[in-house]
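S.K.: Input file: run.pdb. Contents: PDB, C-alpha atoms and all ligand atoms.
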```
MODEL        1
ATOM      1  CA  MET A   1    -166.809  -7.882  40.770
ATOM      2  CA  THR A   2    -164.987  -4.604  40.425
ATOM      3  CA  ARG A   3    -161.785  -4.249  38.446
ATOM      4  CA  ARG A   4    -159.055  -2.022  39.848
ATOM      5  CA  ILE A   5    -155.353  -1.280  39.808
ATOM      6  CA  LEU A   6    -153.415  -3.166  42.446
ATOM      7  CA  ASP A   7    -150.482  -1.958  44.490
ATOM      8  CA  ARG A   8    -148.120  -4.868  43.927
ATOM      9  CA  ASP A   9    -145.333  -3.162  45.891
ATOM     10  CA  ALA A  10    -147.573  -2.839  48.938
ATOM     11  CA  TYR A  11    -148.396  -6.535  48.712
ATOM     12  CA  ALA A  12    -144.701  -7.426  48.548
ATOM     13  CA  ARG A  13    -143.986  -5.166  51.528
ATOM     14  CA  ASP A  14    -146.970  -5.997  53.766
ATOM     15  CA  GLY A  15    -147.981  -9.502  52.709
ATOM     16  CA  PHE A  16    -151.620  -8.530  52.315
ATOM     17  CA  LEU A  17    -153.897  -6.289  50.280
ATOM     18  CA  VAL A  18    -157.335  -4.891  51.081
ATOM     19  CA  LEU A  19    -159.647  -4.373  48.094
ATOM     20  CA  GLU A  20    -162.813  -2.719  49.322
ATOM     21  CA  GLY A  21    -165.902  -3.043  47.131
ATOM     22  CA  PHE A  22    -164.433  -5.953  45.165
ATOM     23  CA  ALA A  23    -167.609  -8.032  45.278
ATOM     24  CA  GLU A  24    -171.153  -6.777  44.808
ATOM     25  CA  LEU A  25    -173.287  -6.791  47.945
ATOM     26  CA  ALA A  26    -175.929  -8.807  46.088
ATOM     27  CA  ALA A  27    -173.328 -11.502  45.389
ATOM     28  CA  CYS A  28    -172.323 -11.522  49.074
ATOM     29  CA  ARG A  29    -175.934 -11.921  50.119
ATOM     30  CA  ARG A  30    -176.405 -14.746  47.631
ATOM     31  CA  LEU A  31    -173.440 -16.650  49.042
ATOM     32  CA  CYS A  32    -174.677 -16.132  52.618
ATOM     33  CA  ALA A  33    -178.073 -17.519  51.662
ATOM     34  CA  ARG A  34    -176.479 -20.445  49.864
ATOM     35  CA  ALA A  35    -174.279 -21.233  52.890
ATOM     36  CA  GLU A  36    -177.340 -21.136  55.138
ATOM     37  CA  ALA A  37    -179.144 -23.542  52.815
ATOM     38  CA  ILE A  38    -176.189 -25.959  52.824
ATOM     39  CA  ALA A  39    -176.061 -25.817  56.633
ATOM     40  CA  ASP A  40    -179.817 -26.337  56.803
ATOM     41  CA  ALA A  41    -179.676 -29.435  54.637
ATOM     42  CA  PHE A  42    -176.776 -30.938  56.583
ATOM     43  CA  ASP A  43    -177.610 -33.869  58.842
ATOM     44  CA  PRO A  44    -175.779 -33.394  62.157
ATOM     45  CA  GLY A  45    -176.748 -36.867  63.224
ATOM     46  CA  ALA A  46    -174.576 -38.434  60.588
ATOM     47  CA  GLN A  47    -171.305 -36.578  61.088
ATOM     48  CA  ARG A  48    -170.286 -34.434  64.012
ATOM     49  CA  SER A  49    -166.988 -32.957  63.052
ATOM     50  CA  ILE A  50    -165.817 -30.085  65.146
ATOM     51  CA  PHE A  51    -163.362 -27.505  63.921
ATOM     52  CA  THR A  52    -160.767 -25.944  66.164
ATOM     53  CA  THR A  53    -157.253 -24.616  65.745
ATOM     54  CA  ARG A  54    -156.666 -24.131  69.451
ATOM     55  CA  GLU A  55    -155.538 -27.667  70.151
ATOM     56  CA  GLN A  56    -152.234 -29.041  68.918
ATOM     57  CA  THR A  57    -154.064 -31.737  67.037
ATOM     58  CA  ARG A  58    -156.845 -30.531  64.844
ATOM     59  CA  ARG A  59    -159.597 -33.071  64.450
ATOM     60  CA  SER A  60    -158.425 -35.287  61.628
ATOM     61  CA  ASP A  61    -161.297 -37.688  61.360
ATOM     62  CA  ASP A  62    -162.401 -39.233  58.097
ATOM     63  CA  ALA A  63    -164.939 -36.491  57.444
ATOM     64  CA  PHE A  64    -162.288 -33.810  57.717
ATOM     65  CA  LEU A  65    -159.990 -35.547  55.239
ATOM     66  CA  ALA A  66    -162.900 -36.386  52.922
ATOM     67  CA  SER A  67    -163.991 -32.740  52.901
ATOM     68  CA  ALA A  68    -161.028 -32.006  50.598
ATOM     69  CA  SER A  69    -163.222 -33.182  47.735
ATOM     70  CA  GLY A  70    -166.641 -32.460  49.173
ATOM     71  CA  ILE A  71    -168.907 -30.042  50.963
ATOM     72  CA  HIS A  72    -168.954 -30.704  54.677
ATOM     73  CA  CYS A  73    -170.226 -28.735  57.665
ATOM     74  CA  PHE A  74    -168.094 -28.461  60.802
ATOM     75  CA  PHE A  75    -169.648 -27.586  64.122
ATOM     76  CA  GLU A  76    -168.514 -25.156  66.783
ATOM     77  CA  GLU A  77    -166.461 -26.702  69.579
ATOM     78  CA  ASP A  78    -169.244 -26.576  72.147
ATOM     79  CA  ALA A  79    -172.179 -27.104  69.796
ATOM     80  CA  PHE A  80    -173.217 -30.361  71.483
ATOM     81  CA  ASP A  81    -174.079 -31.094  75.090
ATOM     82  CA  GLU A  82    -172.889 -34.168  77.030
ATOM     83  CA  ALA A  83    -175.776 -36.204  75.670
ATOM     84  CA  GLY A  84    -174.746 -35.365  72.102
ATOM     85  CA  ALA A  85    -177.680 -33.058  71.409
ATOM     86  CA  LEU A  86    -177.244 -29.668  69.756
ATOM     87  CA  ARG A  87    -177.360 -26.876  72.319
ATOM     88  CA  GLN A  88    -179.000 -24.502  69.866
ATOM     89  CA  ALA A  89    -180.459 -24.458  66.348
ATOM     90  CA  LYS A  90    -178.323 -26.238  63.768
ATOM     91  CA  ALA A  91    -177.941 -23.174  61.553
ATOM     92  CA  ALA A  92    -176.492 -21.310  64.551
ATOM     93  CA  SER A  93    -174.096 -24.142  65.471
ATOM     94  CA  ILE A  94    -172.019 -24.432  62.295
ATOM     95  CA  ASN A  95    -168.435 -23.139  62.475
ATOM     96  CA  LYS A  96    -167.573 -23.559  58.811
ATOM     97  CA  ILE A  97    -168.273 -25.362  55.547
ATOM     98  CA  GLY A  98    -165.402 -26.804  53.508
ATOM     99  CA  HIS A  99    -163.453 -27.512  51.390
ATOM    100  CA  ALA A 100    -164.489 -27.947  47.729
ATOM    101  CA  LEU A 101    -167.413 -25.528  47.529
ATOM    102  CA  HIS A 102    -165.732 -23.738  44.642
ATOM    103  CA  ASP A 103    -165.892 -26.847  42.474
ATOM    104  CA  LEU A 104    -169.119 -28.464  43.647
ATOM    105  CA  ASP A 105    -171.580 -25.660  44.342
ATOM    106  CA  PRO A 106    -172.628 -23.579  41.304
ATOM    107  CA  ASP A 107    -172.999 -20.317  43.259
ATOM    108  CA  PHE A 108    -169.601 -20.573  44.912
ATOM    109  CA  GLU A 109    -168.098 -21.782  41.652
ATOM    110  CA  ARG A 110    -169.328 -18.748  39.723
ATOM    111  CA  PHE A 111    -167.990 -16.431  42.404
ATOM    112  CA  SER A 112    -164.619 -18.182  42.699
ATOM    113  CA  TYR A 113    -163.844 -18.440  38.996
ATOM    114  CA  ASP A 114    -164.906 -14.864  38.197
ATOM    115  CA  PRO A 115    -162.334 -13.404  35.775
ATOM    116  CA  ALA A 116    -161.888 -10.377  38.053
ATOM    117  CA  LEU A 117    -160.360 -12.605  40.727
ATOM    118  CA  ALA A 118    -158.023 -14.215  38.197
ATOM    119  CA  GLU A 119    -156.911 -10.674  37.292
ATOM    120  CA  VAL A 120    -156.065  -9.936  40.932
ATOM    121  CA  ALA A 121    -154.080 -13.163  41.132
ATOM    122  CA  ALA A 122    -152.157 -12.275  37.978
ATOM    123  CA  ALA A 123    -151.536  -8.740  39.246
ATOM    124  CA  ILE A 124    -149.802 -10.024  42.394
ATOM    125  CA  GLY A 125    -147.623 -12.317  40.303
ATOM    126  CA  LEU A 126    -149.352 -15.691  40.368
ATOM    127  CA  ARG A 127    -148.738 -17.480  37.072
ATOM    128  CA  GLU A 128    -151.043 -20.483  37.114
ATOM    129  CA  PRO A 129    -153.109 -20.359  40.321
ATOM    130  CA  LEU A 130    -155.043 -23.554  41.041
ATOM    131  CA  ALA A 131    -158.069 -23.190  43.315
ATOM    132  CA  ILE A 132    -157.401 -25.866  45.911
ATOM    133  CA  GLN A 133    -159.527 -25.083  48.958
ATOM    134  CA  SER A 134    -162.601 -23.065  49.835
ATOM    135  CA  MET A 135    -164.500 -22.468  53.024
ATOM    136  CA  VAL A 136    -167.304 -20.443  54.480
ATOM    137  CA  ILE A 137    -166.557 -19.245  57.980
ATOM    138  CA  PHE A 138    -169.780 -18.472  59.843
ATOM    139  CA  LYS A 139    -168.443 -16.669  62.957
ATOM    140  CA  GLN A 140    -171.694 -17.181  64.777
ATOM    141  CA  PRO A 141    -172.872 -14.482  67.182
ATOM    142  CA  GLN A 142    -171.473 -14.951  70.704
ATOM    143  CA  ILE A 143    -170.037 -18.439  70.057
ATOM    144  CA  GLY A 144    -168.162 -18.039  66.734
ATOM    145  CA  GLY A 145    -164.754 -19.362  67.800
ATOM    146  CA  GLU A 146    -161.282 -17.860  67.619
ATOM    147  CA  VAL A 147    -158.964 -19.001  64.819
ATOM    148  CA  GLY A 148    -155.471 -19.133  66.332
ATOM    149  CA  CYS A 149    -152.584 -17.182  64.816
ATOM    150  CA  HIS A 150    -151.240 -19.189  61.879
ATOM    151  CA  GLN A 151    -149.693 -19.103  58.422
ATOM    152  CA  ASP A 152    -151.725 -20.691  55.644
ATOM    153  CA  ALA A 153    -148.579 -22.351  54.260
ATOM    154  CA  THR A 154    -148.597 -24.538  57.390
ATOM    155  CA  PHE A 155    -151.754 -26.224  56.112
ATOM    156  CA  LEU A 156    -151.223 -25.983  52.332
ATOM    157  CA  TYR A 157    -147.493 -26.432  51.874
ATOM    158  CA  THR A 158    -145.828 -26.290  48.470
ATOM    159  CA  ASP A 159    -142.186 -26.137  47.449
ATOM    160  CA  PRO A 160    -141.571 -23.317  46.811
ATOM    161  CA  ILE A 161    -144.256 -21.789  49.039
ATOM    162  CA  THR A 162    -147.017 -20.425  46.833
ATOM    163  CA  VAL A 163    -150.290 -20.662  48.736
ATOM    164  CA  THR A 164    -152.298 -17.454  48.554
ATOM    165  CA  GLY A 165    -155.527 -16.724  50.391
ATOM    166  CA  PHE A 166    -158.450 -14.735  48.985
ATOM    167  CA  TRP A 167    -160.659 -13.780  51.930
ATOM    168  CA  PHE A 168    -164.004 -12.173  51.164
ATOM    169  CA  ALA A 169    -166.029 -10.364  53.809
ATOM    170  CA  LEU A 170    -169.600 -11.446  53.037
ATOM    171  CA  GLU A 171    -170.721  -9.323  55.991
ATOM    172  CA  ASP A 172    -169.103  -6.328  57.691
ATOM    173  CA  ALA A 173    -166.103  -7.388  59.774
ATOM    174  CA  HIS A 174    -164.845  -5.393  62.742
ATOM    175  CA  VAL A 175    -162.996  -5.894  66.005
ATOM    176  CA  GLY A 176    -166.203  -6.646  67.894
ATOM    177  CA  ASN A 177    -167.316  -9.503  65.657
ATOM    178  CA  GLY A 178    -164.015 -11.246  65.009
ATOM    179  CA  CYS A 179    -162.441  -9.569  61.976
ATOM    180  CA  LEU A 180    -159.082 -10.647  60.551
ATOM    181  CA  TRP A 181    -155.922  -9.436  62.277
ATOM    182  CA  VAL A 182    -152.585  -9.512  60.451
ATOM    183  CA  ALA A 183    -148.884  -8.928  61.084
ATOM    184  CA  PRO A 184    -147.895  -6.471  58.320
ATOM    185  CA  GLY A 185    -144.613  -7.626  56.787
ATOM    186  CA  GLY A 186    -144.710 -10.837  58.837
ATOM    187  CA  HIS A 187    -144.653 -12.951  55.652
ATOM    188  CA  ARG A 188    -140.927 -12.237  55.412
ATOM    189  CA  GLY A 189    -140.288 -14.166  58.641
ATOM    190  CA  GLY A 190    -140.314 -17.685  57.235
ATOM    191  CA  LEU A 191    -142.533 -20.715  57.812
ATOM    192  CA  ARG A 192    -142.829 -21.934  61.428
ATOM    193  CA  GLN A 193    -144.739 -25.209  61.131
ATOM    194  CA  ARG A 194    -145.966 -27.806  58.675
ATOM    195  CA  PHE A 195    -149.175 -29.746  59.259
ATOM    196  CA  ARG A 196    -148.335 -33.287  58.145
ATOM    197  CA  ARG A 197    -150.407 -36.341  57.462
ATOM    198  CA  GLY A 198    -148.738 -39.483  58.810
ATOM    199  CA  ALA A 199    -149.456 -43.025  59.872
ATOM    200  CA  GLY A 200    -150.501 -41.854  63.333
ATOM    201  CA  GLY A 201    -152.704 -39.013  62.106
ATOM    202  CA  MET A 202    -151.974 -35.333  61.637
ATOM    203  CA  THR A 203    -149.067 -33.658  63.401
ATOM    204  CA  PHE A 204    -147.421 -30.239  63.447
ATOM    205  CA  GLU A 205    -143.755 -30.335  62.470
ATOM    206  CA  THR A 206    -141.735 -27.345  63.658
ATOM    207  CA  VAL A 207    -139.408 -25.952  61.011
ATOM    208  CA  ASP A 208    -138.574 -22.634  62.710
ATOM    209  CA  ARG A 209    -138.838 -22.072  66.449
ATOM    210  CA  ALA A 210    -139.302 -18.309  66.096
ATOM    211  CA  PRO A 211    -142.661 -17.576  67.702
ATOM    212  CA  LEU A 212    -145.557 -16.246  65.677
ATOM    213  CA  PRO A 213    -146.682 -12.746  66.667
ATOM    214  CA  ARG A 214    -148.717 -12.606  69.859
ATOM    215  CA  ALA A 215    -152.424 -11.958  69.360
ATOM    216  CA  PRO A 216    -153.749  -9.379  69.515
ATOM    217  CA  ASP A 217    -150.946  -7.065  70.747
ATOM    218  CA  GLU A 218    -148.522  -7.729  67.886
ATOM    219  CA  LEU A 219    -151.182  -7.752  65.168
ATOM    220  CA  ARG A 220    -153.297  -5.163  63.398
ATOM    221  CA  PRO A 221    -157.059  -5.479  62.830
ATOM    222  CA  VAL A 222    -158.418  -5.402  59.280
ATOM    223  CA  GLU A 223    -161.864  -3.877  59.705
ATOM    224  CA  VAL A 224    -163.702  -4.002  56.391
ATOM    225  CA  PRO A 225    -167.217  -3.672  54.991
ATOM    226  CA  ALA A 226    -169.021  -6.509  53.215
ATOM    227  CA  GLY A 227    -167.770  -6.982  49.667
ATOM    228  CA  THR A 228    -164.104  -6.462  50.579
ATOM    229  CA  LEU A 229    -161.461  -8.874  49.330
ATOM    230  CA  VAL A 230    -158.384  -9.318  51.528
ATOM    231  CA  VAL A 231    -155.495 -11.050  49.746
ATOM    232  CA  LEU A 232    -153.188 -12.917  52.129
ATOM    233  CA  HIS A 233    -149.671 -14.127  51.374
ATOM    234  CA  GLY A 234    -149.294 -17.761  52.462
ATOM    235  CA  LEU A 235    -146.630 -16.868  55.043
ATOM    236  CA  LEU A 236    -148.485 -13.928  56.589
ATOM    237  CA  PRO A 237    -149.346 -14.586  60.261
ATOM    238  CA  HIS A 238    -153.039 -13.893  60.799
ATOM    239  CA  TRP A 239    -155.630 -14.466  63.485
ATOM    240  CA  SER A 240    -159.252 -13.833  64.212
ATOM    241  CA  ASP A 241    -160.904 -13.484  67.572
ATOM    242  CA  GLN A 242    -164.096 -14.976  68.843
ATOM    243  CA  ASN A 243    -167.215 -13.148  67.730
ATOM    244  CA  ARG A 244    -168.417 -11.399  70.869
ATOM    245  CA  SER A 245    -171.213  -9.481  69.137
ATOM    246  CA  ALA A 246    -174.879 -10.310  68.637
ATOM    247  CA  ALA A 247    -174.544 -10.521  64.847
ATOM    248  CA  ARG A 248    -173.000 -13.150  62.594
ATOM    249  CA  ARG A 249    -169.824 -12.305  60.629
ATOM    250  CA  MET A 250    -169.726 -14.596  57.604
ATOM    251  CA  ALA A 251    -166.683 -14.781  55.305
ATOM    252  CA  TYR A 252    -165.668 -16.869  52.303
ATOM    253  CA  ALA A 253    -162.039 -17.898  51.843
ATOM    254  CA  LEU A 254    -160.524 -19.400  48.703
ATOM    255  CA  HIS A 255    -156.940 -20.663  48.609
ATOM    256  CA  CYS A 256    -154.766 -21.158  45.548
ATOM    257  CA  VAL A 257    -151.407 -22.798  44.903
ATOM    258  CA  GLU A 258    -149.193 -22.521  41.845
ATOM    259  CA  ALA A 259    -149.509 -25.342  39.326
ATOM    260  CA  GLY A 260    -145.744 -25.641  38.938
ATOM    261  CA  ALA A 261    -144.916 -26.004  42.650
ATOM    262  CA  ASP A 262    -144.373 -29.374  44.315
ATOM    263  CA  TYR A 263    -147.424 -30.377  46.379
ATOM    264  CA  PRO A 264    -146.356 -33.109  48.823
ATOM    265  CA  ALA A 265    -148.447 -36.198  49.493
ATOM    266  CA  TRP A 266    -148.276 -35.453  53.251
ATOM    267  CA  ASN A 267    -150.422 -32.313  52.991
ATOM    268  CA  TRP A 268    -153.754 -32.979  54.717
ATOM    269  CA  LEU A 269    -155.710 -31.878  51.666
ATOM    270  CA  GLN A 270    -155.535 -34.468  48.914
ATOM    271  CA  ARG A 271    -158.073 -34.123  46.135
ATOM    272  CA  ASP A 272    -159.884 -37.102  44.743
ATOM    273  CA  PRO A 273    -158.493 -37.563  41.210
ATOM    274  CA  SER A 274    -162.058 -37.443  39.856
ATOM    275  CA  LEU A 275    -162.189 -33.776  40.914
ATOM    276  CA  PRO A 276    -159.103 -32.212  39.339
ATOM    277  CA  LEU A 277    -157.907 -28.760  40.371
ATOM    278  CA  ARG A 278    -158.718 -25.896  38.015
ATOM    279  CA  ARG A 279    -157.075 -22.585  37.299
ATOM    280  CA  LEU A 280    -158.795 -19.485  38.631
ATOM    281  CA  ASP A 281    -159.752 -18.344  35.169
ATOM    282  CA  ARG A 282    -160.953 -21.747  33.992
ATOM    283  CA  ILE A 283    -164.610 -21.539  32.995
ATOM    284  CA  ALA A 284    -166.960 -23.989  34.653
ATOM    285  CA  ARG A 285    -167.281 -27.405  33.088
ATOM    286  CA  ARG A 286    -170.986 -28.021  33.311
ATOM    287  CA  ASP A 287    -170.739 -31.658  32.248
ATOM    288  CA  ARG A 288    -168.902 -32.589  35.434
ATOM    289  CA  LEU A 289    -170.948 -30.388  37.748
ATOM    290  CA  ASP A 290    -174.244 -31.786  36.537
ATOM    291  CA  ARG A 291    -173.220 -35.366  36.962
TER
HETATM  292 FE   FE2 B 301    -155.762 -18.713  57.389
ENDMDL
END
```
Now, as a test, write the supplied structure out as structure tokens.
Ligand code: FE2

M.R.:
Amino acid sequence: MTRRILDRDAYARDGFLVLEGFAELAACRRLCARAEAIADAFDPGAQRSIFTTREQTRRSDDAFLASASGIHCFFEEDAFDEAGALRQAKAASINKIGHALHDLDPDFERFSYDPALAEVAAAIGLREPLAIQSMVIFKQPQIGGEVGCHQDATFLYTDPITVTGFWFALEDAHVGNGCLWVAPGGHRGGLRQRFRRGAGGMTFETVDRAPLPRAPDELRPVEVPAGTLVVLHGLLPHWSDQNRSAARRMAYALHCVEAGADYPAWNWLQRDPSLPLRRLDRIARRDRLDR
């Protein structure tokens, strides 16, 4: 990964940073191939979790909650027909893989704990960033679904709010294939909702009725080549459209929270204690990974 000087003032002003050429193209290709292999090996017969942010209630089945400490594939909304059969090849039906790739898969681990990323985190003011969640977003050609406008702090809440997203374009991202869209400066608008785990399942609690920016008119596209890192403040409203092109648009996203912040027990993502969170700059512990 490439080292560079960061514009910390721009991050404070805009709530995001675009670092083109941060990751080597060879590393991006390696992660794409690894994600394909994970999807290939996944048995859709066993678990058919679907991922969507469009509905008020995101699927909160056991597999979704268990994915906090595992590697799980989630299918596109309309991947299966009425009879429960896949409409197309499995590899082309996966929406995303989550959520502990960075601690369980050696390729994603090496990429996530690269010292260059820890340097970026330090440069934007993170003191002790713990890598809490990772995902590969496939954005399949034609069917790769929209991700509704949201703030990451809704899903990974801490007090104070510290969640920070590191979004890597593994393939070129543009308006036609569902790139990120952001609301520059929108991170200063406060948190709108919290996604809470409760006795009756997951619910969205409204903390501020101010609407999120309307997509796409009130947002700006972030068109970037493969290898680009986009850093996202946890309160920055962002969105991505459906992929309407004939080519896939794969991305890898890693989220961190500060070690010192309070992480409530009602957050959906609760790590198994046998898989403790690690700092971004913490070198891999082979003994645990090989177990
Ligand atoms: Fe997000």

S.K.: Which one of A:Leu254, A:Tyr157, A:Ala226, A:His150 sits closest to ligand FE2 301 (chain B) if you count only C-alpha atoms and all ligand atoms?

M.R.: A:His150

S.K.: If the PyMOL selection byres (((not hetatm)) within 8 of (chain B and resi 301)) is run on the structure shown, which residues does it catch, given as a list of chain:residue names?

M.R.: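 This file gives the following for the PyMOL selection byres (((not hetatm)) within 8 of (chain B and resi 301)): A:His150, A:Gln151, A:Asp152, A:Gly165, A:His238, A:Trp239.
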
S.K.: I'd like the interatomic distance between atom CA of A:Val231 and atom CA of A:Pro213, to a tenth of an Å.

M.R.: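 That distance, rounded to one decimal, is 19.2 Å.
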
S.K.: Quote the spacing between atom CA of A:Gly144 and atom CA of A:Asn243 in Å to one decimal place.

M.R.: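 Atom-to-atom, atom CA of A:Gly144 to atom CA of A:Asn243, that is 5.1 Å.
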
S.K.: Applied to this file, what does the PyMOL selection byres (((chain A and resi 161) around 10) and not hetatm) return in terms of residues, put as a list in words?

M.R.: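 After applying the PyMOL selection byres (((chain A and resi 161) around 10) and not hetatm), what remains is Ala153, Thr154, Leu156, Tyr157, Thr158, Asp159, Pro160, Thr162, Val163, Thr164, Gly190, Leu191, His233, Gly234, Leu235, Val257, Glu258, Ala261, Asp262 and Tyr263 of chain A.
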
S.K.: Using C-alpha atoms, can you write the selected residues to a file as a short mmCIF file (atom, residue, chain, number, x, y, z; two decimals), keeping the file's coordinate frame?

M.R.:
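Full text of part.cif as output:
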```cif
data_model
loop_
_atom_site.label_atom_id
_atom_site.label_comp_id
_atom_site.auth_asym_id
_atom_site.auth_seq_id
_atom_site.Cartn_x
_atom_site.Cartn_y
_atom_site.Cartn_z
CA ALA A 153 -148.58 -22.35 54.26
CA THR A 154 -148.60 -24.54 57.39
CA LEU A 156 -151.22 -25.98 52.33
CA TYR A 157 -147.49 -26.43 51.87
CA THR A 158 -145.83 -26.29 48.47
CA ASP A 159 -142.19 -26.14 47.45
CA PRO A 160 -141.57 -23.32 46.81
CA THR A 162 -147.02 -20.42 46.83
CA VAL A 163 -150.29 -20.66 48.74
CA THR A 164 -152.30 -17.45 48.55
CA GLY A 190 -140.31 -17.68 57.24
CA LEU A 191 -142.53 -20.72 57.81
CA HIS A 233 -149.67 -14.13 51.37
CA GLY A 234 -149.29 -17.76 52.46
CA LEU A 235 -146.63 -16.87 55.04
CA VAL A 257 -151.41 -22.80 44.90
CA GLU A 258 -149.19 -22.52 41.84
CA ALA A 261 -144.92 -26.00 42.65
CA ASP A 262 -144.37 -29.37 44.32
CA TYR A 263 -147.42 -30.38 46.38
#
```

S.K.: Kindly indicate which residue among A:His99, A:Arg192, A:Arg87, A:Arg30 lies nearest to A:Ala66, using only C-alpha atoms for the distances.

M.R.: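 The closest residue to A:Ala66 is A:His99.
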
S.K.: With only C-alpha atoms as the atoms that count, which of A:Arg127, A:Leu277, A:Pro184, A:Trp268 lies nearest to A:Gly201?

M.R.: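 With only C-alpha atoms as the atom set, the closest residue is A:Trp268.
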
S.K.: Quick one: distance from atom CA of A:Arg249 to atom CA of A:Arg110 in Å, one decimal?

M.R.: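 About the pair atom CA of A:Arg249 and atom CA of A:Arg110: they are 21.9 Å apart.
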
S.K.: My list of candidates is A:Asp241, A:Ala23, A:Arg220, A:Phe155. Which is closest to A:Phe195 when distances are computed with all atoms listed in the file?

M.R.: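 Among A:Asp241, A:Ala23, A:Arg220, A:Phe155, it is A:Phe155 that comes nearest to A:Phe195.
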
S.K.: May I ask which of the residues A:His187, A:Gln88, A:Gly145, A:Ile137 is the closest one to A:Asp14, counting all atoms listed in the file?

M.R.: A:His187

S.K.: When you count all atoms listed in the file, which of these residues is closest to A:Ile124: A:His255, A:Ala39, A:Gly178, A:Leu17?

M.R.: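 Result for the nearest residue to A:Ile124: A:Leu17.
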
S.K.: On this structure, which residues satisfy the PyMOL selection byres (((chain A and resi 219) around 10) and not hetatm), written as a PyMOL selection string?

M.R.: chain A and resi 149+180-184+186+213-218+220-222+237-239

S.K.: Mind rebuilding stretch 120-135 of chain A with N, CA and C atoms and writing that out as a PDB file, in the frame of the given file?

M.R.:
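Result file follows (rebuild.pdb):
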```
ATOM      1  N   VAL A 120    -156.764 -10.296  39.691  1.00  0.00           N
ATOM      2  CA  VAL A 120    -156.065  -9.936  40.932  1.00  0.00           C
ATOM      3  C   VAL A 120    -154.887 -10.879  41.131  1.00  0.00           C
ATOM      4  N   ALA A 121    -155.139 -12.169  40.938  1.00  0.00           N
ATOM      5  CA  ALA A 121    -154.080 -13.163  41.132  1.00  0.00           C
ATOM      6  C   ALA A 121    -152.904 -12.886  40.190  1.00  0.00           C
ATOM      7  N   ALA A 122    -153.219 -12.568  38.948  1.00  0.00           N
ATOM      8  CA  ALA A 122    -152.157 -12.275  37.978  1.00  0.00           C
ATOM      9  C   ALA A 122    -151.405 -11.005  38.380  1.00  0.00           C
ATOM     10  N   ALA A 123    -152.147 -10.029  38.889  1.00  0.00           N
ATOM     11  CA  ALA A 123    -151.536  -8.740  39.246  1.00  0.00           C
ATOM     12  C   ALA A 123    -150.555  -8.876  40.410  1.00  0.00           C
ATOM     13  N   ILE A 124    -150.761  -9.858  41.282  1.00  0.00           N
ATOM     14  CA  ILE A 124    -149.802 -10.024  42.394  1.00  0.00           C
ATOM     15  C   ILE A 124    -148.720 -11.040  42.035  1.00  0.00           C
ATOM     16  N   GLY A 125    -148.734 -11.510  40.779  1.00  0.00           N
ATOM     17  CA  GLY A 125    -147.623 -12.317  40.303  1.00  0.00           C
ATOM     18  C   GLY A 125    -147.856 -13.813  40.244  1.00  0.00           C
ATOM     19  N   LEU A 126    -149.092 -14.253  40.491  1.00  0.00           N
ATOM     20  CA  LEU A 126    -149.352 -15.691  40.368  1.00  0.00           C
ATOM     21  C   LEU A 126    -149.445 -16.043  38.883  1.00  0.00           C
ATOM     22  N   ARG A 127    -148.779 -17.129  38.495  1.00  0.00           N
ATOM     23  CA  ARG A 127    -148.738 -17.480  37.072  1.00  0.00           C
ATOM     24  C   ARG A 127    -149.871 -18.407  36.683  1.00  0.00           C
ATOM     25  N   GLU A 128    -150.010 -19.503  37.438  1.00  0.00           N
ATOM     26  CA  GLU A 128    -151.043 -20.483  37.114  1.00  0.00           C
ATOM     27  C   GLU A 128    -151.709 -20.946  38.408  1.00  0.00           C
ATOM     28  N   PRO A 129    -152.538 -20.050  39.007  1.00  0.00           N
ATOM     29  CA  PRO A 129    -153.109 -20.359  40.321  1.00  0.00           C
ATOM     30  C   PRO A 129    -154.221 -21.409  40.233  1.00  0.00           C
ATOM     31  N   LEU A 130    -154.037 -22.502  40.981  1.00  0.00           N
ATOM     32  CA  LEU A 130    -155.043 -23.554  41.041  1.00  0.00           C
ATOM     33  C   LEU A 130    -155.866 -23.354  42.310  1.00  0.00           C
ATOM     34  N   ALA A 131    -157.184 -23.355  42.153  1.00  0.00           N
ATOM     35  CA  ALA A 131    -158.069 -23.190  43.315  1.00  0.00           C
ATOM     36  C   ALA A 131    -158.143 -24.522  44.044  1.00  0.00           C
ATOM     37  N   ILE A 132    -157.550 -24.568  45.240  1.00  0.00           N
ATOM     38  CA  ILE A 132    -157.401 -25.866  45.911  1.00  0.00           C
ATOM     39  C   ILE A 132    -158.332 -26.040  47.103  1.00  0.00           C
ATOM     40  N   GLN A 133    -158.722 -24.948  47.731  1.00  0.00           N
ATOM     41  CA  GLN A 133    -159.527 -25.083  48.958  1.00  0.00           C
ATOM     42  C   GLN A 133    -160.445 -23.884  49.130  1.00  0.00           C
ATOM     43  N   SER A 134    -161.666 -24.158  49.567  1.00  0.00           N
ATOM     44  CA  SER A 134    -162.601 -23.065  49.835  1.00  0.00           C
ATOM     45  C   SER A 134    -163.343 -23.349  51.127  1.00  0.00           C
ATOM     46  N   MET A 135    -163.704 -22.287  51.813  1.00  0.00           N
ATOM     47  CA  MET A 135    -164.500 -22.468  53.024  1.00  0.00           C
ATOM     48  C   MET A 135    -165.336 -21.246  53.330  1.00  0.00           C
TER      49      MET A 135
END
```
